[in-house]
Amino acid sequence: MKKSYLKSPDLLPIGESGRKITILGYSFMWVGMVVVLATFAIGGAGVMSIPLPMVVLATMIGSLAIGLFISLTGDIGIEHGLSFPVYMRAPFGTIGTHIPSLVRGVAASMWFGINTYFGATAMNGILNILFGFDNWFICFILFASLQLVNTALGIKAVERFADIAAPIIILISIWMYSSLSDTAKEAGRDIWSWAENPVTGGAAFSAFLVVIFSNMGFWATLAADIPSISRFMKAPKNERNWFKRNKSSIIGNLITLPLTQTFMIIIGAVAYIAVLNYDPVIALQEAASGFILGILLLMIVLAQWSTNIAANIVPAATIFSNVGGPKFPFWAGVITAGIVGTIVQPWNLFGVIIPVLLFIGGILSAIVGILVSDYYFLRKRRVNVPHLYESKGQYRYLNGVNMAGFISWILGATASYFVPNYSFIVGFSIGAVCYYFLAKYWWFKLYKQAEIEDPDDQKYLGITVGRDWTIEDEVLEEPIETVSSGANISI
């Protein structure tokens, strides 16, 4: 019997013994992940129209909302130990999963390139202060290599780095806020009341909504592929209470994310108020010098490192490993992510890449809706996990493609394109609703799903019933009967 190409060792379900990420470890990951240039940009753009208190309120609302969605999809990893591209075989098919997964994988790699460039400029600034060295490209290559090696060492190495970086980031962020606030004060601008071109009435409400949905759209990417991280989180066995089982995820997504995201939004806003530029590297170079500037720039370097390894390289590498099959291990996916993130030349396309990636975030919002609809409303958290790894299993559908998933994705993504400021909520809603009706009343009538036909907890739940999913090495020899309308069609 031959081994299935779907059974890459790095993509098999993670059992209890392999779950290393603690509550504190995951929270520290979030501390680093939110410190990216796009987060600062949201704050800077916000205070162009509305004062900082309104920007803060909108950010808290948006962060709590997206944190809830991340917690919902994160249960896929916690309950079953499954990564994002593997579970995507259910709503998109064993072959179809590659298309939406690669969209996310390429986007994550591009974000890796952008954040590495951002961190490299800060690293170059530090080396220039200390040694008079000035070559940002060498810093880019060095910084990228360090991050890739760190990630290739595994998820525990990722968590350990976050444990070291997070406390330093928090302390330096407070220092950064104080420094930029003083600069703004010297310029005669009160950070809590100033707005560049203040608006009122309906225009102010629209600007408020834009900040909410900008925060949501930015993290739509992680809301889609959070299972690739959450499958490594420690969780109690035989715990049927959803909130208790997802405690680590909830604390990180609904407490740490909103608090740190809001604080970094404030820093971006204060940087803009201080020097009319939301990029804190540029703002700090105008506001500080010498040793103090070096320390502040160190925070930028650590934050980009922490962000990239958790939010970008791990998801991208997992996706590339899924596409490549058993002969393409996780470390090869890590290298691929690094290559893609470099060849897009983020230093030349910086102004173009961010709008493109935020657009991709809107497209991915439809996938989040489809995942929630498939996992919670159709399968009700029950999954026939062994068949996710079988080329002739129930998730093969029509030549490896679930048409209900693709039609819903196209409709949701198209709708999100026409309302860029509200892309997440529109894409999510249309994707979720369309998938529910198409799958329930059409596709799953043709291709029966065992966990829906026989929703047995003991057969199809994971950690809730104390199960560690184990996958056999052999390929299913018998085709799966998928149509019950009289004519049996085998695939």
# chains A, B, ... in the order shown; residues from 1 in each chain; ligands from 1

$ closest_atom_pairs --of "stretch 147-263 of chain A" --to "stretch 101-121 of chain A" --cutoff "9 Å" --atoms "only C-alpha atoms" --output "JSON lines"
{"residue": "A:Gln147", "atom": "CA", "partner": "A:Thr116", "partner_atom": "CA", "distance": 8.8}
{"residue": "A:Thr221", "atom": "CA", "partner": "A:Arg104", "partner_atom": "CA", "distance": 6.9}
{"residue": "A:Ala224", "atom": "CA", "partner": "A:Arg104", "partner_atom": "CA", "distance": 8.5}
{"residue": "A:Asp225", "atom": "CA", "partner": "A:Arg104", "partner_atom": "CA", "distance": 8.1}

$ residues_around --residues "A:Asp374" --least-positions-apart "4" --cutoff "9 Å" --atoms "only C-alpha atoms" --output "list of chain:residue names"
A:Ala90, A:Pro91, A:Gly369, A:Ile370, A:Leu378, A:Arg379, A:Lys380, A:Arg381, A:Ala432, A:Tyr435, A:Tyr436, A:Ala439

$ write_last_selection --atoms "all heavy atoms" --output "compact mmCIF listing (two decimals), in the first residue's frame"
# COMPACT_ATOMS: atom_id res chain seq x y z
N ALA A 90 -12.10 20.21 3.91
CA ALA A 90 -13.53 19.96 4.12
C ALA A 90 -14.41 20.92 3.33
O ALA A 90 -15.28 20.47 2.57
CB ALA A 90 -13.85 20.02 5.62
N PRO A 91 -14.24 22.25 3.44
CA PRO A 91 -15.09 23.15 2.67
C PRO A 91 -14.65 23.40 1.24
O PRO A 91 -15.41 23.96 0.44
CB PRO A 91 -15.04 24.45 3.48
CG PRO A 91 -13.73 24.42 4.16
CD PRO A 91 -13.46 22.97 4.46
N GLY A 369 -15.74 33.28 6.92
CA GLY A 369 -17.18 32.99 6.99
C GLY A 369 -17.49 31.56 6.61
O GLY A 369 -18.31 30.88 7.26
N ILE A 370 -16.83 31.07 5.57
CA ILE A 370 -17.05 29.69 5.13
C ILE A 370 -16.59 28.70 6.19
O ILE A 370 -17.26 27.69 6.47
CB ILE A 370 -16.32 29.44 3.79
CG1 ILE A 370 -17.01 30.24 2.67
CG2 ILE A 370 -16.27 27.96 3.44
CD1 ILE A 370 -16.21 30.31 1.38
N LEU A 378 -22.80 23.52 10.11
CA LEU A 378 -23.08 22.31 9.34
C LEU A 378 -22.55 21.06 10.04
O LEU A 378 -23.31 20.13 10.30
CB LEU A 378 -22.47 22.44 7.95
CG LEU A 378 -23.16 23.48 7.05
CD1 LEU A 378 -22.35 23.72 5.78
CD2 LEU A 378 -24.58 23.04 6.69
N ARG A 379 -21.27 21.06 10.38
CA ARG A 379 -20.68 19.87 11.02
C ARG A 379 -20.84 19.90 12.53
O ARG A 379 -20.65 18.88 13.19
CB ARG A 379 -19.21 19.73 10.64
CG ARG A 379 -18.99 19.64 9.14
CD ARG A 379 -17.53 19.44 8.76
NE ARG A 379 -17.35 19.76 7.36
CZ ARG A 379 -17.61 18.93 6.35
NH1 ARG A 379 -18.05 17.71 6.61
NH2 ARG A 379 -17.44 19.32 5.10
N LYS A 380 -21.15 21.06 13.07
CA LYS A 380 -21.34 21.23 14.52
C LYS A 380 -20.13 20.71 15.30
O LYS A 380 -20.26 19.98 16.27
CB LYS A 380 -22.63 20.58 14.98
CG LYS A 380 -23.88 21.25 14.37
CD LYS A 380 -25.15 20.58 14.81
CE LYS A 380 -26.36 21.37 14.37
NZ LYS A 380 -26.46 21.58 12.90
N ARG A 381 -18.92 21.11 14.80
CA ARG A 381 -17.63 20.84 15.40
C ARG A 381 -17.19 19.39 15.25
O ARG A 381 -16.10 19.02 15.69
CB ARG A 381 -17.59 21.23 16.87
CG ARG A 381 -17.76 22.72 17.13
CD ARG A 381 -17.65 23.07 18.61
NE ARG A 381 -16.61 22.34 19.28
CZ ARG A 381 -16.82 21.30 20.10
NH1 ARG A 381 -18.04 20.88 20.36
NH2 ARG A 381 -15.80 20.70 20.67
N ALA A 432 -20.38 33.11 4.46
CA ALA A 432 -20.98 32.18 5.42
C ALA A 432 -22.38 31.76 5.01
O ALA A 432 -22.72 30.57 5.03
CB ALA A 432 -21.01 32.83 6.81
N TYR A 435 -22.46 29.67 1.66
CA TYR A 435 -21.94 28.33 1.85
C TYR A 435 -22.93 27.45 2.60
O TYR A 435 -23.13 26.28 2.25
CB TYR A 435 -20.61 28.36 2.61
CG TYR A 435 -20.01 26.98 2.78
CD1 TYR A 435 -19.35 26.36 1.72
CD2 TYR A 435 -20.14 26.28 3.98
CE1 TYR A 435 -18.83 25.09 1.85
CE2 TYR A 435 -19.63 25.00 4.13
CZ TYR A 435 -18.97 24.41 3.06
OH TYR A 435 -18.46 23.13 3.20
N TYR A 436 -23.55 28.01 3.62
CA TYR A 436 -24.50 27.22 4.42
C TYR A 436 -25.60 26.65 3.53
O TYR A 436 -25.89 25.44 3.57
CB TYR A 436 -25.10 28.07 5.53
CG TYR A 436 -26.12 27.32 6.37
CD1 TYR A 436 -25.70 26.51 7.43
CD2 TYR A 436 -27.48 27.40 6.09
CE1 TYR A 436 -26.62 25.80 8.18
CE2 TYR A 436 -28.41 26.70 6.84
CZ TYR A 436 -27.97 25.90 7.89
OH TYR A 436 -28.89 25.18 8.63
N ALA A 439 -24.16 24.27 0.58
CA ALA A 439 -23.67 22.98 1.07
C ALA A 439 -24.81 22.13 1.62
O ALA A 439 -24.93 20.95 1.29
CB ALA A 439 -22.61 23.21 2.15

$ residues_around --residues "A:Tyr389" --least-positions-apart "2" --cutoff "6 Å" --atoms "only C-alpha atoms" --output "MDAnalysis selection string"
chainID A and resid 6:7 386:387

$ atom_distance --atom1 "atom CA of A:Phe92" --atom2 "atom CA of A:Leu72"
18.8 Å

$ closest_atom_pairs --of "stretch 222-263 of chain A" --to "stretch 316-319 of chain A" --cutoff "12 Å" --atoms "only C-alpha atoms" --output "Markdown table"
| residue | atom | partner | partner_atom | distance |
| --- | --- | --- | --- | --- |
| A:Leu222 | CA | A:Ala316 | CA | 11.0 |
| A:Asp225 | CA | A:Ala316 | CA | 9.3 |
| A:Ile226 | CA | A:Thr318 | CA | 11.4 |
| A:Pro227 | CA | A:Thr318 | CA | 10.6 |
| A:Ser228 | CA | A:Thr318 | CA | 7.2 |
| A:Ile229 | CA | A:Thr318 | CA | 9.9 |

$ closest_residue --among "A:Lys445, A:Arg160, A:Arg231, A:Lys244" --to "A:Tyr87" --atoms "only C-alpha atoms"
A:Arg231

$ residues_around --residues "stretch 360-362 of chain A" --least-positions-apart "5" --cutoff "7 Å" --atoms "only C-alpha atoms" --output "compact mmCIF listing (two decimals) with all heavy atoms, in the first residue's frame"
# COMPACT_ATOMS: atom_id res chain seq x y z
N GLY A 217 -10.28 43.98 9.18
CA GLY A 217 -9.77 43.50 7.90
C GLY A 217 -8.31 43.13 7.97
O GLY A 217 -7.85 42.17 7.34
N PHE A 218 -7.54 43.90 8.77
CA PHE A 218 -6.12 43.64 8.88
C PHE A 218 -5.84 42.26 9.45
O PHE A 218 -4.91 41.56 9.02
CB PHE A 218 -5.47 44.71 9.75
CG PHE A 218 -3.99 44.54 9.92
CD1 PHE A 218 -3.14 44.63 8.83
CD2 PHE A 218 -3.45 44.27 11.16
CE1 PHE A 218 -1.77 44.45 8.98
CE2 PHE A 218 -2.09 44.10 11.32
CZ PHE A 218 -1.24 44.19 10.23
N ALA A 220 -8.00 39.69 9.38
CA ALA A 220 -8.79 38.65 8.74
C ALA A 220 -7.91 37.48 8.30
O ALA A 220 -8.34 36.32 8.30
CB ALA A 220 -9.53 39.22 7.53
N THR A 221 -6.67 37.79 7.91
CA THR A 221 -5.75 36.74 7.48
C THR A 221 -5.51 35.73 8.59
O THR A 221 -5.57 34.52 8.38
CB THR A 221 -4.42 37.35 7.02
OG1 THR A 221 -3.92 38.20 8.06
CG2 THR A 221 -4.60 38.18 5.77
N ALA A 413 -15.95 37.23 -1.86
CA ALA A 413 -14.78 38.03 -2.20
C ALA A 413 -15.14 39.16 -3.15
O ALA A 413 -14.65 40.29 -3.02
CB ALA A 413 -13.71 37.14 -2.82
N SER A 416 -16.90 41.92 -1.27
CA SER A 416 -15.98 42.67 -0.41
C SER A 416 -15.16 43.67 -1.22
O SER A 416 -14.76 44.73 -0.70
CB SER A 416 -15.04 41.72 0.34
OG SER A 416 -14.06 41.15 -0.53
N SER A 423 -15.01 45.59 4.02
CA SER A 423 -14.81 44.33 3.32
C SER A 423 -14.93 43.10 4.22
O SER A 423 -15.48 42.08 3.80
CB SER A 423 -13.44 44.32 2.63
OG SER A 423 -12.39 44.47 3.57
N PHE A 424 -14.45 43.21 5.46
CA PHE A 424 -14.49 42.01 6.30
C PHE A 424 -15.90 41.56 6.59
O PHE A 424 -16.25 40.40 6.37
CB PHE A 424 -13.76 42.24 7.64
CG PHE A 424 -13.77 41.00 8.51
CD1 PHE A 424 -12.79 40.05 8.36
CD2 PHE A 424 -14.79 40.77 9.41
CE1 PHE A 424 -12.81 38.88 9.12
CE2 PHE A 424 -14.83 39.61 10.17
CZ PHE A 424 -13.83 38.66 10.02
N GLY A 427 -17.71 40.42 3.25
CA GLY A 427 -17.17 39.16 2.75
C GLY A 427 -17.51 37.99 3.66
O GLY A 427 -17.90 36.91 3.19

$ residues_around --residues "A:Ile42" --least-positions-apart "6" --cutoff "10 Å" --atoms "only C-alpha atoms" --output "PDB file with all heavy atoms, in the first residue's frame"
ATOM      1  N   VAL A  55     -10.675  57.186  17.893  1.00  0.00           N
ATOM      2  CA  VAL A  55      -9.851  56.156  17.248  1.00  0.00           C
ATOM      3  C   VAL A  55      -9.642  54.988  18.206  1.00  0.00           C
ATOM      4  O   VAL A  55      -9.725  53.817  17.812  1.00  0.00           O
ATOM      5  CB  VAL A  55      -8.497  56.743  16.807  1.00  0.00           C
ATOM      6  CG1 VAL A  55      -7.576  55.634  16.279  1.00  0.00           C
ATOM      7  CG2 VAL A  55      -8.694  57.810  15.738  1.00  0.00           C
ATOM      8  N   THR A  59     -10.978  51.196  17.689  1.00  0.00           N
ATOM      9  CA  THR A  59      -9.996  50.112  17.679  1.00  0.00           C
ATOM     10  C   THR A  59     -10.374  49.012  18.659  1.00  0.00           C
ATOM     11  O   THR A  59     -10.259  47.816  18.349  1.00  0.00           O
ATOM     12  CB  THR A  59      -8.596  50.655  18.025  1.00  0.00           C
ATOM     13  OG1 THR A  59      -8.200  51.590  17.016  1.00  0.00           O
ATOM     14  CG2 THR A  59      -7.566  49.531  18.086  1.00  0.00           C
ATOM     15  N   VAL A 210     -14.657  53.196   9.585  1.00  0.00           N
ATOM     16  CA  VAL A 210     -13.474  52.813   8.813  1.00  0.00           C
ATOM     17  C   VAL A 210     -12.378  52.277   9.738  1.00  0.00           C
ATOM     18  O   VAL A 210     -11.720  51.276   9.430  1.00  0.00           O
ATOM     19  CB  VAL A 210     -12.948  53.996   7.983  1.00  0.00           C
ATOM     20  CG1 VAL A 210     -11.539  53.703   7.453  1.00  0.00           C
ATOM     21  CG2 VAL A 210     -13.881  54.296   6.822  1.00  0.00           C
ATOM     22  N   VAL A 211     -12.193  52.920  10.888  1.00  0.00           N
ATOM     23  CA  VAL A 211     -11.185  52.446  11.844  1.00  0.00           C
ATOM     24  C   VAL A 211     -11.570  51.067  12.377  1.00  0.00           C
ATOM     25  O   VAL A 211     -10.719  50.171  12.506  1.00  0.00           O
ATOM     26  CB  VAL A 211     -11.007  53.445  13.006  1.00  0.00           C
ATOM     27  CG1 VAL A 211     -10.032  52.888  14.051  1.00  0.00           C
ATOM     28  CG2 VAL A 211     -10.499  54.784  12.492  1.00  0.00           C
ATOM     29  N   ILE A 212     -12.851  50.870  12.681  1.00  0.00           N
ATOM     30  CA  ILE A 212     -13.316  49.564  13.169  1.00  0.00           C
ATOM     31  C   ILE A 212     -12.988  48.465  12.161  1.00  0.00           C
ATOM     32  O   ILE A 212     -12.355  47.451  12.482  1.00  0.00           O
ATOM     33  CB  ILE A 212     -14.838  49.576  13.441  1.00  0.00           C
ATOM     34  CG1 ILE A 212     -15.153  50.460  14.650  1.00  0.00           C
ATOM     35  CG2 ILE A 212     -15.350  48.147  13.687  1.00  0.00           C
ATOM     36  CD1 ILE A 212     -16.641  50.592  14.931  1.00  0.00           C
ATOM     37  N   SER A 214     -11.040  48.574   9.525  1.00  0.00           N
ATOM     38  CA  SER A 214      -9.622  48.471   9.174  1.00  0.00           C
ATOM     39  C   SER A 214      -8.923  47.502  10.124  1.00  0.00           C
ATOM     40  O   SER A 214      -8.105  46.666   9.706  1.00  0.00           O
ATOM     41  CB  SER A 214      -8.947  49.843   9.247  1.00  0.00           C
ATOM     42  OG  SER A 214      -9.429  50.703   8.250  1.00  0.00           O
ATOM     43  N   ASN A 215      -9.237  47.602  11.409  1.00  0.00           N
ATOM     44  CA  ASN A 215      -8.668  46.680  12.390  1.00  0.00           C
ATOM     45  C   ASN A 215      -9.119  45.244  12.140  1.00  0.00           C
ATOM     46  O   ASN A 215      -8.335  44.297  12.254  1.00  0.00           O
ATOM     47  CB  ASN A 215      -9.053  47.106  13.808  1.00  0.00           C
ATOM     48  CG  ASN A 215      -8.203  48.242  14.334  1.00  0.00           C
ATOM     49  OD1 ASN A 215      -7.063  48.046  14.737  1.00  0.00           O
ATOM     50  ND2 ASN A 215      -8.755  49.453  14.324  1.00  0.00           N
ATOM     51  N   PHE A 218      -7.545  43.896   8.770  1.00  0.00           N
ATOM     52  CA  PHE A 218      -6.116  43.637   8.884  1.00  0.00           C
ATOM     53  C   PHE A 218      -5.837  42.257   9.453  1.00  0.00           C
ATOM     54  O   PHE A 218      -4.914  41.561   9.019  1.00  0.00           O
ATOM     55  CB  PHE A 218      -5.465  44.714   9.746  1.00  0.00           C
ATOM     56  CG  PHE A 218      -3.989  44.538   9.919  1.00  0.00           C
ATOM     57  CD1 PHE A 218      -3.140  44.630   8.833  1.00  0.00           C
ATOM     58  CD2 PHE A 218      -3.448  44.273  11.165  1.00  0.00           C
ATOM     59  CE1 PHE A 218      -1.766  44.455   8.983  1.00  0.00           C
ATOM     60  CE2 PHE A 218      -2.087  44.100  11.321  1.00  0.00           C
ATOM     61  CZ  PHE A 218      -1.238  44.188  10.228  1.00  0.00           C
ATOM     62  N   MET A 264      -0.723  50.174  20.320  1.00  0.00           N
ATOM     63  CA  MET A 264       0.104  50.425  19.137  1.00  0.00           C
ATOM     64  C   MET A 264      -0.592  51.381  18.167  1.00  0.00           C
ATOM     65  O   MET A 264       0.066  52.172  17.485  1.00  0.00           O
ATOM     66  CB  MET A 264       0.465  49.111  18.435  1.00  0.00           C
ATOM     67  CG  MET A 264       1.307  48.187  19.294  1.00  0.00           C
ATOM     68  SD  MET A 264       2.788  49.005  19.979  1.00  0.00           S
ATOM     69  CE  MET A 264       3.168  47.899  21.347  1.00  0.00           C
ATOM     70  N   ILE A 265      -1.895  51.325  18.113  1.00  0.00           N
ATOM     71  CA  ILE A 265      -2.656  52.297  17.313  1.00  0.00           C
ATOM     72  C   ILE A 265      -2.416  53.700  17.869  1.00  0.00           C
ATOM     73  O   ILE A 265      -2.233  54.674  17.119  1.00  0.00           O
ATOM     74  CB  ILE A 265      -4.166  51.968  17.338  1.00  0.00           C
ATOM     75  CG1 ILE A 265      -4.465  50.703  16.529  1.00  0.00           C
ATOM     76  CG2 ILE A 265      -4.988  53.148  16.845  1.00  0.00           C
ATOM     77  CD1 ILE A 265      -4.429  50.871  15.038  1.00  0.00           C
ATOM     78  N   ILE A 266      -2.397  53.797  19.199  1.00  0.00           N
ATOM     79  CA  ILE A 266      -2.139  55.089  19.841  1.00  0.00           C
ATOM     80  C   ILE A 266      -0.744  55.597  19.462  1.00  0.00           C
ATOM     81  O   ILE A 266      -0.560  56.777  19.150  1.00  0.00           O
ATOM     82  CB  ILE A 266      -2.274  54.965  21.374  1.00  0.00           C
ATOM     83  CG1 ILE A 266      -3.744  54.755  21.768  1.00  0.00           C
ATOM     84  CG2 ILE A 266      -1.721  56.212  22.071  1.00  0.00           C
ATOM     85  CD1 ILE A 266      -3.947  54.465  23.245  1.00  0.00           C
ATOM     86  N   GLY A 268       0.986  54.904  16.756  1.00  0.00           N
ATOM     87  CA  GLY A 268       0.937  55.351  15.371  1.00  0.00           C
ATOM     88  C   GLY A 268       0.272  56.709  15.244  1.00  0.00           C
ATOM     89  O   GLY A 268       0.724  57.573  14.482  1.00  0.00           O
ATOM     90  N   ALA A 269      -0.802  56.907  16.021  1.00  0.00           N
ATOM     91  CA  ALA A 269      -1.513  58.190  15.993  1.00  0.00           C
ATOM     92  C   ALA A 269      -0.649  59.306  16.560  1.00  0.00           C
ATOM     93  O   ALA A 269      -0.566  60.406  15.989  1.00  0.00           O
ATOM     94  CB  ALA A 269      -2.816  58.069  16.780  1.00  0.00           C
ATOM     95  N   TYR A 278       3.165  58.467  10.352  1.00  0.00           N
ATOM     96  CA  TYR A 278       2.801  57.392  11.279  1.00  0.00           C
ATOM     97  C   TYR A 278       3.905  56.355  11.450  1.00  0.00           C
ATOM     98  O   TYR A 278       3.836  55.508  12.330  1.00  0.00           O
ATOM     99  CB  TYR A 278       1.524  56.682  10.805  1.00  0.00           C
ATOM    100  CG  TYR A 278       1.633  56.050   9.433  1.00  0.00           C
ATOM    101  CD1 TYR A 278       2.295  54.849   9.247  1.00  0.00           C
ATOM    102  CD2 TYR A 278       1.066  56.666   8.323  1.00  0.00           C
ATOM    103  CE1 TYR A 278       2.401  54.262   7.996  1.00  0.00           C
ATOM    104  CE2 TYR A 278       1.160  56.094   7.059  1.00  0.00           C
ATOM    105  CZ  TYR A 278       1.819  54.891   6.903  1.00  0.00           C
ATOM    106  OH  TYR A 278       1.927  54.327   5.663  1.00  0.00           O
TER     107      TYR A 278
END

$ residues_around --residues "A:Ile273" --least-positions-apart "5" --cutoff "9 Å" --atoms "only C-alpha atoms" --output "PDB file with C-alpha atoms, in the first residue's frame"
ATOM      1  CA  GLY A  44      -2.111  57.720  11.796  1.00  0.00           C
ATOM      2  CA  VAL A  47      -6.363  61.068  13.544  1.00  0.00           C
ATOM      3  CA  MET A  48      -6.452  62.699  10.133  1.00  0.00           C
ATOM      4  CA  LEU A 180       6.494  60.941  20.907  1.00  0.00           C
ATOM      5  CA  SER A 181       3.991  62.618  23.242  1.00  0.00           C
ATOM      6  CA  THR A 183       7.438  65.860  20.660  1.00  0.00           C
ATOM      7  CA  ALA A 184       3.749  66.452  19.933  1.00  0.00           C
ATOM      8  CA  ALA A 187       4.727  71.180  18.421  1.00  0.00           C
ATOM      9  CA  ARG A 189      -0.597  69.671  19.608  1.00  0.00           C
ATOM     10  CA  ASP A 190      -2.680  67.972  22.274  1.00  0.00           C
ATOM     11  CA  ILE A 191      -2.661  64.279  21.409  1.00  0.00           C
ATOM     12  CA  TRP A 194      -5.987  67.138  17.793  1.00  0.00           C
ATOM     13  CA  ALA A 195      -7.148  65.994  14.350  1.00  0.00           C
ATOM     14  CA  GLU A 196      -5.545  67.110  11.102  1.00  0.00           C
ATOM     15  CA  GLY A 268       0.937  55.351  15.371  1.00  0.00           C
ATOM     16  CA  TYR A 278       2.801  57.392  11.279  1.00  0.00           C
TER      17      TYR A 278
END

$ closest_residue --among "A:Met88, A:Ile95, A:Leu64, A:Ala415" --to "A:Gly325" --atoms "only C-alpha atoms"
A:Ile95

$ closest_atom_pairs --of "stretch 38-122 of chain A" --to "stretch 16-22 of chain A" --cutoff "12 Å" --atoms "only C-alpha atoms" --output "Markdown table"
| residue | atom | partner | partner_atom | distance |
| --- | --- | --- | --- | --- |
| A:Gly77 | CA | A:Arg19 | CA | 10.4 |
| A:Ile78 | CA | A:Arg19 | CA | 9.2 |
| A:Glu79 | CA | A:Glu16 | CA | 10.4 |
| A:His80 | CA | A:Glu16 | CA | 10.2 |
| A:Gly81 | CA | A:Glu16 | CA | 8.6 |
| A:Leu82 | CA | A:Arg19 | CA | 11.8 |

$ closest_residue --among "A:Leu293, A:Arg240, A:Ala144, A:Gly201" --to "A:Asp457" --atoms "only C-alpha atoms"
A:Arg240

$ residues_around --residues "A:Trp331" --least-positions-apart "3" --cutoff "8 Å" --atoms "only C-alpha atoms" --output "number ranges by chain"
A: 152, 317, 334-335

$ select_by_dssp --residues "stretch 267-474 of chain A" --states "helix (DSSP H, G or I)" --output "JSON, numbers by chain"
{"A": [267, 268, 269, 270, 271, 272, 273, 274, 275, 280, 281, 282, 283, 284, 285, 286, 287, 290, 291, 292, 293, 294, 295, 296, 297, 298, 299, 300, 301, 302, 303, 304, 305, 306, 307, 308, 309, 310, 311, 312, 313, 314, 315, 316, 317, 318, 319, 320, 321, 322, 323, 324, 330, 331, 332, 333, 334, 335, 336, 337, 338, 339, 340, 341, 342, 343, 346, 347, 348, 349, 350, 351, 352, 353, 354, 355, 356, 357, 358, 359, 360, 361, 362, 363, 364, 365, 366, 367, 368, 369, 370, 371, 372, 373, 374, 375, 376, 377, 378, 385, 386, 387, 388, 389, 403, 404, 405, 406, 407, 408, 409, 410, 411, 412, 413, 414, 415, 416, 417, 418, 420, 421, 422, 423, 424, 425, 426, 427, 428, 429, 430, 431, 432, 433, 434, 435, 436, 437, 438, 439, 440, 441, 442, 443, 444, 445, 446, 450, 451, 452, 453, 457, 458, 459, 460, 463, 464, 465]}
